[in-house]
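S.K.: Structure file entry.pdb, PDB, C-alpha atoms and all ligand atoms, is pasted below:
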```
ATOM      1  CA  MET A   1      95.790 122.943  39.756  1.00  0.00           C
ATOM      2  CA  LYS A   2      97.116 119.541  40.576  1.00  0.00           C
ATOM      3  CA  GLN A   3      99.285 118.165  37.856  1.00  0.00           C
ATOM      4  CA  MET A   4      98.640 114.623  36.840  1.00  0.00           C
ATOM      5  CA  ARG A   5     101.078 112.178  35.493  1.00  0.00           C
ATOM      6  CA  VAL A   6      99.910 110.749  32.255  1.00  0.00           C
ATOM      7  CA  TRP A   7     101.320 107.737  30.523  1.00  0.00           C
ATOM      8  CA  ILE A   8     101.584 108.328  26.908  1.00  0.00           C
ATOM      9  CA  PHE A   9     101.796 106.117  23.953  1.00  0.00           C
ATOM     10  CA  ILE A  10     103.505 108.122  21.287  1.00  0.00           C
ATOM     11  CA  LEU A  11     104.601 107.588  17.754  1.00  0.00           C
ATOM     12  CA  SER A  12     107.649 109.742  17.646  1.00  0.00           C
ATOM     13  CA  LEU A  13     110.949 109.636  19.431  1.00  0.00           C
ATOM     14  CA  THR A  14     109.837 112.550  21.532  1.00  0.00           C
ATOM     15  CA  VAL A  15     109.950 111.571  25.137  1.00  0.00           C
ATOM     16  CA  VAL A  16     107.098 113.101  27.001  1.00  0.00           C
ATOM     17  CA  GLY A  17     108.089 114.065  30.476  1.00  0.00           C
ATOM     18  CA  SER A  18     106.154 112.877  33.427  1.00  0.00           C
ATOM     19  CA  CYS A  19     105.913 114.827  36.587  1.00  0.00           C
ATOM     20  CA  LYS A  20     106.039 113.190  39.955  1.00  0.00           C
ATOM     21  CA  ASP A  21     102.723 113.186  41.663  1.00  0.00           C
ATOM     22  CA  ASP A  22     102.462 111.258  44.897  1.00  0.00           C
ATOM     23  CA  GLU A  23      98.746 111.715  45.241  1.00  0.00           C
ATOM     24  CA  ALA A  24      98.086 110.311  41.765  1.00  0.00           C
ATOM     25  CA  ASP A  25     100.495 107.461  42.479  1.00  0.00           C
ATOM     26  CA  ALA A  26      98.614 106.620  45.642  1.00  0.00           C
ATOM     27  CA  LYS A  27      95.309 106.671  43.781  1.00  0.00           C
ATOM     28  CA  ASN A  28      96.652 104.356  41.113  1.00  0.00           C
ATOM     29  CA  LYS A  29      97.989 102.068  43.773  1.00  0.00           C
ATOM     30  CA  ASN A  30      94.568 102.003  45.369  1.00  0.00           C
ATOM     31  CA  PHE A  31      92.882 101.062  42.092  1.00  0.00           C
ATOM     32  CA  SER A  32      95.435  98.301  41.455  1.00  0.00           C
ATOM     33  CA  GLU A  33      95.167  96.953  44.940  1.00  0.00           C
ATOM     34  CA  ARG A  34      91.405  96.890  44.774  1.00  0.00           C
ATOM     35  CA  VAL A  35      91.373  95.186  41.371  1.00  0.00           C
ATOM     36  CA  PHE A  36      93.835  92.577  42.608  1.00  0.00           C
ATOM     37  CA  THR A  37      92.171  91.942  45.958  1.00  0.00           C
ATOM     38  CA  GLU A  38      88.440  92.588  46.193  1.00  0.00           C
ATOM     39  CA  VAL A  39      87.133  93.154  42.666  1.00  0.00           C
ATOM     40  CA  THR A  40      85.014  90.271  41.381  1.00  0.00           C
ATOM     41  CA  GLU A  41      83.978  91.925  38.124  1.00  0.00           C
ATOM     42  CA  LEU A  42      86.341  94.066  36.076  1.00  0.00           C
ATOM     43  CA  SER A  43      84.707  95.909  33.219  1.00  0.00           C
ATOM     44  CA  VAL A  44      85.974  97.915  30.334  1.00  0.00           C
ATOM     45  CA  GLU A  45      83.525 100.659  29.495  1.00  0.00           C
ATOM     46  CA  VAL A  46      83.810 102.411  26.129  1.00  0.00           C
ATOM     47  CA  ALA A  47      82.392 105.775  25.092  1.00  0.00           C
ATOM     48  CA  TYR A  48      83.144 107.128  21.634  1.00  0.00           C
ATOM     49  CA  GLU A  49      82.667 110.389  19.854  1.00  0.00           C
ATOM     50  CA  THR A  50      80.849 110.304  16.524  1.00  0.00           C
ATOM     51  CA  GLY A  51      83.599 110.024  13.943  1.00  0.00           C
ATOM     52  CA  ALA A  52      85.911 108.180  16.333  1.00  0.00           C
ATOM     53  CA  GLU A  53      84.214 104.778  16.383  1.00  0.00           C
ATOM     54  CA  PRO A  54      86.406 101.955  17.675  1.00  0.00           C
ATOM     55  CA  TYR A  55      87.173  99.138  15.239  1.00  0.00           C
ATOM     56  CA  THR A  56      85.209  96.107  16.359  1.00  0.00           C
ATOM     57  CA  SER A  57      85.461  93.367  13.782  1.00  0.00           C
ATOM     58  CA  SER A  58      87.657  92.136  11.016  1.00  0.00           C
ATOM     59  CA  GLY A  59      85.953  89.425   9.018  1.00  0.00           C
ATOM     60  CA  LEU A  60      84.689  86.954  11.560  1.00  0.00           C
ATOM     61  CA  LYS A  61      87.114  88.114  14.201  1.00  0.00           C
ATOM     62  CA  GLN A  62      85.992  90.223  17.136  1.00  0.00           C
ATOM     63  CA  LEU A  63      88.882  92.637  17.683  1.00  0.00           C
ATOM     64  CA  TRP A  64      88.075  93.354  21.326  1.00  0.00           C
ATOM     65  CA  GLU A  65      88.764  89.697  22.127  1.00  0.00           C
ATOM     66  CA  VAL A  66      92.394  90.873  22.159  1.00  0.00           C
ATOM     67  CA  THR A  67      91.687  93.279  25.032  1.00  0.00           C
ATOM     68  CA  LYS A  68      89.677  90.628  26.878  1.00  0.00           C
ATOM     69  CA  ALA A  69      92.312  87.913  26.457  1.00  0.00           C
ATOM     70  CA  ASN A  70      95.079  90.230  27.649  1.00  0.00           C
ATOM     71  CA  LEU A  71      93.147  91.295  30.748  1.00  0.00           C
ATOM     72  CA  GLU A  72      92.278  87.675  31.535  1.00  0.00           C
ATOM     73  CA  ALA A  73      95.925  86.682  31.125  1.00  0.00           C
ATOM     74  CA  LEU A  74      96.911  89.033  33.967  1.00  0.00           C
ATOM     75  CA  PHE A  75      94.727  87.087  36.401  1.00  0.00           C
ATOM     76  CA  GLU A  76      95.496  83.566  35.215  1.00  0.00           C
ATOM     77  CA  GLY A  77      96.332  81.167  38.034  1.00  0.00           C
ATOM     78  CA  ARG A  78      95.204  83.571  40.743  1.00  0.00           C
ATOM     79  CA  SER A  79      92.725  82.518  43.386  1.00  0.00           C
ATOM     80  CA  GLN A  80      91.216  86.008  43.165  1.00  0.00           C
ATOM     81  CA  LYS A  81      90.222  86.336  39.539  1.00  0.00           C
ATOM     82  CA  PRO A  82      87.566  88.858  38.500  1.00  0.00           C
ATOM     83  CA  ALA A  83      85.188  88.159  35.646  1.00  0.00           C
ATOM     84  CA  ILE A  84      86.377  90.302  32.744  1.00  0.00           C
ATOM     85  CA  VAL A  85      83.646  92.163  30.883  1.00  0.00           C
ATOM     86  CA  VAL A  86      84.615  93.762  27.581  1.00  0.00           C
ATOM     87  CA  PRO A  87      82.173  95.133  25.002  1.00  0.00           C
ATOM     88  CA  MET A  88      82.606  93.535  21.576  1.00  0.00           C
ATOM     89  CA  GLU A  89      80.232  95.565  19.422  1.00  0.00           C
ATOM     90  CA  LEU A  90      79.451  99.267  19.029  1.00  0.00           C
ATOM     91  CA  THR A  91      75.968  98.550  20.342  1.00  0.00           C
ATOM     92  CA  ALA A  92      77.562  97.670  23.698  1.00  0.00           C
ATOM     93  CA  MET A  93      79.500 100.945  23.709  1.00  0.00           C
ATOM     94  CA  THR A  94      78.200 104.481  24.225  1.00  0.00           C
ATOM     95  CA  ASN A  95      78.169 106.968  21.382  1.00  0.00           C
ATOM     96  CA  PHE A  96      78.303 110.674  22.104  1.00  0.00           C
ATOM     97  CA  ASN A  97      77.895 113.588  19.710  1.00  0.00           C
ATOM     98  CA  ALA A  98      80.873 115.204  18.056  1.00  0.00           C
ATOM     99  CA  THR A  99      82.315 117.707  20.476  1.00  0.00           C
ATOM    100  CA  GLY A 100      83.739 120.024  17.826  1.00  0.00           C
ATOM    101  CA  LYS A 101      86.946 119.974  19.789  1.00  0.00           C
ATOM    102  CA  GLN A 102      90.277 119.372  18.131  1.00  0.00           C
ATOM    103  CA  LEU A 103      92.332 119.186  21.318  1.00  0.00           C
ATOM    104  CA  TYR A 104      91.853 117.325  24.571  1.00  0.00           C
ATOM    105  CA  SER A 105      93.721 118.101  27.749  1.00  0.00           C
ATOM    106  CA  THR A 106      93.775 115.798  30.767  1.00  0.00           C
ATOM    107  CA  GLY A 107      91.276 118.195  32.374  1.00  0.00           C
ATOM    108  CA  ASP A 108      88.939 117.834  29.378  1.00  0.00           C
ATOM    109  CA  LEU A 109      89.190 114.050  29.538  1.00  0.00           C
ATOM    110  CA  LYS A 110      88.463 113.964  33.251  1.00  0.00           C
ATOM    111  CA  ALA A 111      85.422 116.185  32.766  1.00  0.00           C
ATOM    112  CA  MET A 112      84.195 113.960  29.924  1.00  0.00           C
ATOM    113  CA  ALA A 113      84.653 110.888  32.098  1.00  0.00           C
ATOM    114  CA  LYS A 114      82.313 112.415  34.675  1.00  0.00           C
ATOM    115  CA  THR A 115      79.615 112.606  32.013  1.00  0.00           C
ATOM    116  CA  HIS A 116      80.233 109.304  30.278  1.00  0.00           C
ATOM    117  CA  ARG A 117      81.190 106.901  33.045  1.00  0.00           C
ATOM    118  CA  LYS A 118      78.120 104.823  33.787  1.00  0.00           C
ATOM    119  CA  LYS A 119      79.568 101.650  35.240  1.00  0.00           C
ATOM    120  CA  PRO A 120      80.301 101.541  38.965  1.00  0.00           C
ATOM    121  CA  ASN A 121      83.943 101.563  40.001  1.00  0.00           C
ATOM    122  CA  SER A 122      83.974 100.839  43.701  1.00  0.00           C
ATOM    123  CA  GLY A 123      83.975  97.895  46.061  1.00  0.00           C
ATOM    124  CA  ALA A 124      83.690  94.604  44.193  1.00  0.00           C
ATOM    125  CA  LYS A 125      83.054  96.353  40.878  1.00  0.00           C
ATOM    126  CA  GLY A 126      86.046  97.623  38.957  1.00  0.00           C
ATOM    127  CA  SER A 127      85.690  99.578  35.752  1.00  0.00           C
ATOM    128  CA  CYS A 128      88.074 101.358  33.465  1.00  0.00           C
ATOM    129  CA  LEU A 129      86.582 103.857  31.040  1.00  0.00           C
ATOM    130  CA  ILE A 130      88.070 104.243  27.558  1.00  0.00           C
ATOM    131  CA  LEU A 131      87.167 107.433  25.700  1.00  0.00           C
ATOM    132  CA  PHE A 132      87.624 107.456  21.917  1.00  0.00           C
ATOM    133  CA  VAL A 133      87.936 111.014  20.713  1.00  0.00           C
ATOM    134  CA  ASN A 134      88.165 112.522  17.255  1.00  0.00           C
ATOM    135  CA  GLY A 135      91.041 114.827  18.079  1.00  0.00           C
ATOM    136  CA  TYR A 136      94.508 115.102  19.506  1.00  0.00           C
ATOM    137  CA  TYR A 137      96.142 115.200  22.889  1.00  0.00           C
ATOM    138  CA  SER A 138      96.850 118.633  24.253  1.00  0.00           C
ATOM    139  CA  GLU A 139     100.101 118.358  26.101  1.00  0.00           C
ATOM    140  CA  ASN A 140     100.500 121.385  28.324  1.00  0.00           C
ATOM    141  CA  GLY A 141      98.397 123.324  25.845  1.00  0.00           C
ATOM    142  CA  VAL A 142     100.302 122.109  22.795  1.00  0.00           C
ATOM    143  CA  GLU A 143      98.769 119.762  20.232  1.00  0.00           C
ATOM    144  CA  ASN A 144     100.674 116.484  19.968  1.00  0.00           C
ATOM    145  CA  LYS A 145      99.680 114.588  16.855  1.00  0.00           C
ATOM    146  CA  ASN A 146     101.876 111.645  17.799  1.00  0.00           C
ATOM    147  CA  VAL A 147     100.053 110.562  20.915  1.00  0.00           C
ATOM    148  CA  LEU A 148      97.965 107.442  20.292  1.00  0.00           C
ATOM    149  CA  GLY A 149      96.581 107.123  23.767  1.00  0.00           C
ATOM    150  CA  VAL A 150      96.946 108.162  27.372  1.00  0.00           C
ATOM    151  CA  SER A 151      96.193 106.613  30.728  1.00  0.00           C
ATOM    152  CA  LEU A 152      95.382 109.089  33.467  1.00  0.00           C
ATOM    153  CA  THR A 153      97.100 107.976  36.618  1.00  0.00           C
ATOM    154  CA  GLY A 154      94.730 106.812  39.304  1.00  0.00           C
ATOM    155  CA  GLU A 155      91.589 107.638  37.336  1.00  0.00           C
ATOM    156  CA  ALA A 156      90.864 104.251  35.721  1.00  0.00           C
ATOM    157  CA  LEU A 157      90.578 106.335  32.587  1.00  0.00           C
ATOM    158  CA  VAL A 158      92.156 105.846  29.183  1.00  0.00           C
ATOM    159  CA  ALA A 159      91.774 107.980  26.070  1.00  0.00           C
ATOM    160  CA  VAL A 160      92.444 106.916  22.486  1.00  0.00           C
ATOM    161  CA  PHE A 161      93.080 109.618  19.882  1.00  0.00           C
ATOM    162  CA  LYS A 162      91.450 108.117  16.817  1.00  0.00           C
ATOM    163  CA  PRO A 163      93.000 110.300  14.083  1.00  0.00           C
ATOM    164  CA  VAL A 164      96.439 109.202  15.295  1.00  0.00           C
ATOM    165  CA  VAL A 165      95.479 105.516  15.149  1.00  0.00           C
ATOM    166  CA  GLU A 166      94.063 106.042  11.659  1.00  0.00           C
ATOM    167  CA  SER A 167      97.176 107.712  10.356  1.00  0.00           C
ATOM    168  CA  ALA A 168      99.583 105.287  12.023  1.00  0.00           C
ATOM    169  CA  GLY A 169      98.519 102.183  10.099  1.00  0.00           C
ATOM    170  CA  LEU A 170      98.850 101.669   6.372  1.00  0.00           C
ATOM    171  CA  THR A 171      96.302  98.880   6.136  1.00  0.00           C
ATOM    172  CA  GLN A 172      93.094  98.214   8.024  1.00  0.00           C
ATOM    173  CA  MET A 173      94.685  95.159   9.618  1.00  0.00           C
ATOM    174  CA  SER A 174      97.552  97.303  10.820  1.00  0.00           C
ATOM    175  CA  LYS A 175      95.191  99.950  12.215  1.00  0.00           C
ATOM    176  CA  ASN A 176      93.220  97.249  14.035  1.00  0.00           C
ATOM    177  CA  GLY A 177      96.417  95.964  15.626  1.00  0.00           C
ATOM    178  CA  ILE A 178      97.644  99.425  16.581  1.00  0.00           C
ATOM    179  CA  GLU A 179      94.314 100.272  18.194  1.00  0.00           C
ATOM    180  CA  GLN A 180      94.116  97.056  20.218  1.00  0.00           C
ATOM    181  CA  GLY A 181      97.802  97.329  21.121  1.00  0.00           C
ATOM    182  CA  THR A 182      97.256 100.883  22.349  1.00  0.00           C
ATOM    183  CA  ILE A 183      94.325  99.780  24.491  1.00  0.00           C
ATOM    184  CA  VAL A 184      96.245  96.866  26.022  1.00  0.00           C
ATOM    185  CA  HIS A 185      99.261  99.086  26.744  1.00  0.00           C
ATOM    186  CA  GLU A 186      97.180 101.829  28.358  1.00  0.00           C
ATOM    187  CA  LEU A 187      95.068  99.381  30.361  1.00  0.00           C
ATOM    188  CA  GLY A 188      98.349  97.875  31.565  1.00  0.00           C
ATOM    189  CA  HIS A 189      99.273 101.313  32.910  1.00  0.00           C
ATOM    190  CA  ALA A 190      95.814 101.846  34.404  1.00  0.00           C
ATOM    191  CA  LEU A 191      96.079  98.559  36.295  1.00  0.00           C
ATOM    192  CA  GLY A 192      99.523  99.393  37.666  1.00  0.00           C
ATOM    193  CA  LEU A 193     102.127  98.013  35.274  1.00  0.00           C
ATOM    194  CA  VAL A 194     105.119  98.356  35.509  1.00  0.00           C
ATOM    195  CA  ASN A 195     105.728  98.897  39.234  1.00  0.00           C
ATOM    196  CA  THR A 196     103.142 101.674  39.452  1.00  0.00           C
ATOM    197  CA  GLY A 197     100.695  99.798  41.659  1.00  0.00           C
ATOM    198  CA  ILE A 198     101.581  96.210  40.803  1.00  0.00           C
ATOM    199  CA  PRO A 199     104.914  95.478  42.535  1.00  0.00           C
ATOM    200  CA  LEU A 200     107.802  93.905  40.645  1.00  0.00           C
ATOM    201  CA  LYS A 201     108.483  90.184  40.882  1.00  0.00           C
ATOM    202  CA  SER A 202     111.641  90.432  38.797  1.00  0.00           C
ATOM    203  CA  GLY A 203     113.989  93.128  37.557  1.00  0.00           C
ATOM    204  CA  HIS A 204     112.297  94.066  34.296  1.00  0.00           C
ATOM    205  CA  GLN A 205     111.380  97.660  35.051  1.00  0.00           C
ATOM    206  CA  ASP A 206     112.649 100.324  32.671  1.00  0.00           C
ATOM    207  CA  VAL A 207     113.949 102.846  35.161  1.00  0.00           C
ATOM    208  CA  THR A 208     114.378 105.561  32.546  1.00  0.00           C
ATOM    209  CA  ASN A 209     110.860 105.326  31.187  1.00  0.00           C
ATOM    210  CA  THR A 210     108.520 105.129  34.166  1.00  0.00           C
ATOM    211  CA  GLY A 211     105.815 102.505  33.995  1.00  0.00           C
ATOM    212  CA  HIS A 212     107.475 100.484  31.259  1.00  0.00           C
ATOM    213  CA  CYS A 213     109.111  97.096  30.789  1.00  0.00           C
ATOM    214  CA  MET A 214     112.666  96.534  29.583  1.00  0.00           C
ATOM    215  CA  ASN A 215     111.702  93.648  27.307  1.00  0.00           C
ATOM    216  CA  GLU A 216     111.181  94.785  23.741  1.00  0.00           C
ATOM    217  CA  GLU A 217     109.022  91.704  23.150  1.00  0.00           C
ATOM    218  CA  CYS A 218     106.473  93.097  25.615  1.00  0.00           C
ATOM    219  CA  ILE A 219     103.565  95.457  24.946  1.00  0.00           C
ATOM    220  CA  MET A 220     104.734  97.485  27.969  1.00  0.00           C
ATOM    221  CA  PHE A 221     108.080  98.228  26.279  1.00  0.00           C
ATOM    222  CA  TRP A 222     108.480 101.995  25.994  1.00  0.00           C
ATOM    223  CA  GLN A 223     109.560 101.936  22.387  1.00  0.00           C
ATOM    224  CA  ASN A 224     106.149 100.690  21.485  1.00  0.00           C
ATOM    225  CA  GLU A 225     105.604 104.406  21.757  1.00  0.00           C
ATOM    226  CA  GLN A 226     106.979 104.664  18.232  1.00  0.00           C
ATOM    227  CA  GLY A 227     104.485 103.987  15.487  1.00  0.00           C
ATOM    228  CA  SER A 228     106.726 101.881  13.303  1.00  0.00           C
ATOM    229  CA  PHE A 229     107.703  99.680  16.232  1.00  0.00           C
ATOM    230  CA  MET A 230     104.122  99.367  17.371  1.00  0.00           C
ATOM    231  CA  ALA A 231     102.854  98.605  13.884  1.00  0.00           C
ATOM    232  CA  ALA A 232     105.505  95.906  13.584  1.00  0.00           C
ATOM    233  CA  PHE A 233     104.847  94.627  17.077  1.00  0.00           C
ATOM    234  CA  THR A 234     101.117  94.250  16.593  1.00  0.00           C
ATOM    235  CA  GLN A 235     101.587  92.620  13.197  1.00  0.00           C
ATOM    236  CA  GLN A 236     101.854  89.384  15.159  1.00  0.00           C
ATOM    237  CA  LEU A 237      98.165  89.795  15.932  1.00  0.00           C
ATOM    238  CA  GLY A 238      97.305  89.198  12.279  1.00  0.00           C
ATOM    239  CA  THR A 239      94.103  87.256  12.475  1.00  0.00           C
ATOM    240  CA  ASP A 240      94.846  85.843  15.904  1.00  0.00           C
ATOM    241  CA  VAL A 241      94.088  86.800  19.461  1.00  0.00           C
ATOM    242  CA  LYS A 242      97.358  86.920  21.345  1.00  0.00           C
ATOM    243  CA  VAL A 243      98.667  87.852  24.753  1.00  0.00           C
ATOM    244  CA  LEU A 244     100.954  90.838  24.285  1.00  0.00           C
ATOM    245  CA  PHE A 245     102.398  91.069  27.792  1.00  0.00           C
ATOM    246  CA  ASP A 246     105.667  89.230  28.378  1.00  0.00           C
ATOM    247  CA  ALA A 247     106.234  86.609  31.081  1.00  0.00           C
ATOM    248  CA  ALA A 248     107.716  89.156  33.518  1.00  0.00           C
ATOM    249  CA  CYS A 249     104.718  91.506  33.396  1.00  0.00           C
ATOM    250  CA  LEU A 250     102.318  88.560  33.624  1.00  0.00           C
ATOM    251  CA  LYS A 251     104.197  87.211  36.643  1.00  0.00           C
ATOM    252  CA  ASP A 252     103.971  90.580  38.425  1.00  0.00           C
ATOM    253  CA  ALA A 253     100.193  90.600  38.016  1.00  0.00           C
ATOM    254  CA  ARG A 254      99.591  86.909  38.660  1.00  0.00           C
ATOM    255  CA  GLU A 255     101.616  86.956  41.858  1.00  0.00           C
ATOM    256  CA  PHE A 256     100.461  90.339  43.128  1.00  0.00           C
TER
HETATM  257 ZN    ZN A 301     103.362 103.647  28.092  1.00  0.00          ZN
HETATM  258 ZN    ZN A 302     106.812  93.295  30.232  1.00  0.00          ZN
END
```
Please go through the file and, once you have read it, give me the structure as structure tokens.

M.R.:
Amino acid sequence: MKQMRVWIFILSLTVVGSCKDDEADAKNKNFSERVFTEVTELSVEVAYETGAEPYTSSGLKQLWEVTKANLEALFEGRSQKPAIVVPMELTAMTNFNATGKQLYSTGDLKAMAKTHRKKPNSGAKGSCLILFVNGYYSENGVENKNVLGVSLTGEALVAVFKPVVESAGLTQMSKNGIEQGTIVHELGHALGLVNTGIPLKSGHQDVTNTGHCMNEECIMFWQNEQGSFMAAFTQQLGTDVKVLFDAACLKDAREF
């Protein structure tokens, strides 16, 4: 079976290997190119397992405004700028019954996407599906309790492993930040950052950690794959909505 490269957002120092897959790279490139050329409406679609509900609000604040603002920031100043559609409330997301599964492989996630993807993702309509699951990532058959989220190359598909988000933050505010940070990071991968669909405009690519940015002040920095770093990084969100990409990543997207 075709192996797929998966970008992983991990909490530990463990570096998860990625295997080279030209076909997946080409697919990702196609999705990026389409989003940055012909897409007029880019949607985030969310489906969540019972028990793995996304966090949606904190006081008066709508948490998913963070995702929306970060996606919009990538297109700022462009003549081609899709309308960004992000669900804010659980009622705008799809709930599915508990699967009873503890582990999810990339194959499982792809199969689930077939069932749960409702929004069109072709032509002028772009859509990335985010699955929230109440379990852990199965990495080559082995449970990895440190993986917060994955982006499946070329599939416009992201998964968030809710128990990992829940255990990574000490406070609700911290968990909110970690979850939104994970989503922004994985959507960045799905859209082709860094140099995996969106070409570089400056030398900020981390050549050791594929798909990542060298700037530690950027959400695409690889070390955001460590929980403590990520928790600290997203602390800046506090009660605000902030752009988490650095200038170099934004420039790549804006000038693509
Ligand atoms: Zn990553
Ligand atoms: Zn960056």

S.K.: Residues within 12 Å of Asn30 (chain A), please, as a PyMOL selection string. Count all atoms listed in the file; anything in the same chain fewer than 5 positions from it doesn't count.

M.R.: chain A and resi 23-25+35-39+121-123+126+153-156+190-192+196-198

S.K.: Where's the centre, and what are the edge lengths in Å to one decimal, of a box along x, y and z enclosing all listed atoms of region 194-208 of chain A padded 8 Å per side, as lines of an AutoDock Vina configuration file?

M.R.:
```
center_x = 107.5
center_y = 97.9
center_z = 37.5
size_x = 29.7
size_y = 31.4
size_z = 26.0
```

S.K.: Just checking: using all atoms listed in the file, which residue out of A:Thr234, A:Asn224, A:Gln205, A:Thr171 ends up closest to ligand ZN 302 (chain A)?

M.R.: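 Using all atoms listed in the file, the shortest distance to ligand ZN 302 (chain A) belongs to A:Gln205.
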
S.K.: A:Asn176, A:Ser151, A:Ser202, A:Asn209: which is nearest Val66 (chain A), counting only C-alpha atoms?

M.R.: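 Selected residue with least distance to Val66 (chain A): A:Asn176.
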
S.K.: Provide the CA of Asn97 (chain A) to CA of Ala113 (chain A) distance in Å, to one decimal place.

M.R.: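 Pair CA of Asn97 (chain A) / CA of Ala113 (chain A) returns 14.4 Å.
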
S.K.: I'd like the residues picked by the PyMOL selection byres (((not hetatm)) within 8 of (chain A and resi 302)) written out as an mmCIF file with C-alpha atoms, in the coordinates of the input, using the chain letters and numbers from the file.

M.R.:
```
data_model
loop_
_atom_site.group_PDB
_atom_site.id
_atom_site.type_symbol
_atom_site.label_atom_id
_atom_site.label_comp_id
_atom_site.auth_asym_id
_atom_site.auth_seq_id
_atom_site.Cartn_x
_atom_site.Cartn_y
_atom_site.Cartn_z
ATOM 1 C CA VAL A 194 105.119 98.356 35.509
ATOM 2 C CA HIS A 204 112.297 94.066 34.296
ATOM 3 C CA GLN A 205 111.380 97.660 35.051
ATOM 4 C CA HIS A 212 107.475 100.484 31.259
ATOM 5 C CA CYS A 213 109.111 97.096 30.789
ATOM 6 C CA MET A 214 112.666 96.534 29.583
ATOM 7 C CA ASN A 215 111.702 93.648 27.307
ATOM 8 C CA GLU A 216 111.181 94.785 23.741
ATOM 9 C CA GLU A 217 109.022 91.704 23.150
ATOM 10 C CA CYS A 218 106.473 93.097 25.615
ATOM 11 C CA ILE A 219 103.565 95.457 24.946
ATOM 12 C CA MET A 220 104.734 97.485 27.969
ATOM 13 C CA PHE A 221 108.080 98.228 26.279
ATOM 14 C CA PHE A 245 102.398 91.069 27.792
ATOM 15 C CA ASP A 246 105.667 89.230 28.378
ATOM 16 C CA ALA A 247 106.234 86.609 31.081
ATOM 17 C CA ALA A 248 107.716 89.156 33.518
ATOM 18 C CA CYS A 249 104.718 91.506 33.396
ATOM 19 C CA LEU A 250 102.318 88.560 33.624
#
```

S.K.: Counting only C-alpha atoms, which of A:Glu89, A:Glu41, A:Glu53, A:Asp108 gets nearest to Glu72 (chain A)?

M.R.: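 Using only C-alpha atoms, the shortest distance to Glu72 (chain A) belongs to A:Glu41.
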
S.K.: For this file, the PyMOL selection byres (((chain A and resi 165) around 7) and not hetatm) selects which residues, as a count of residues only?

M.R.: 12
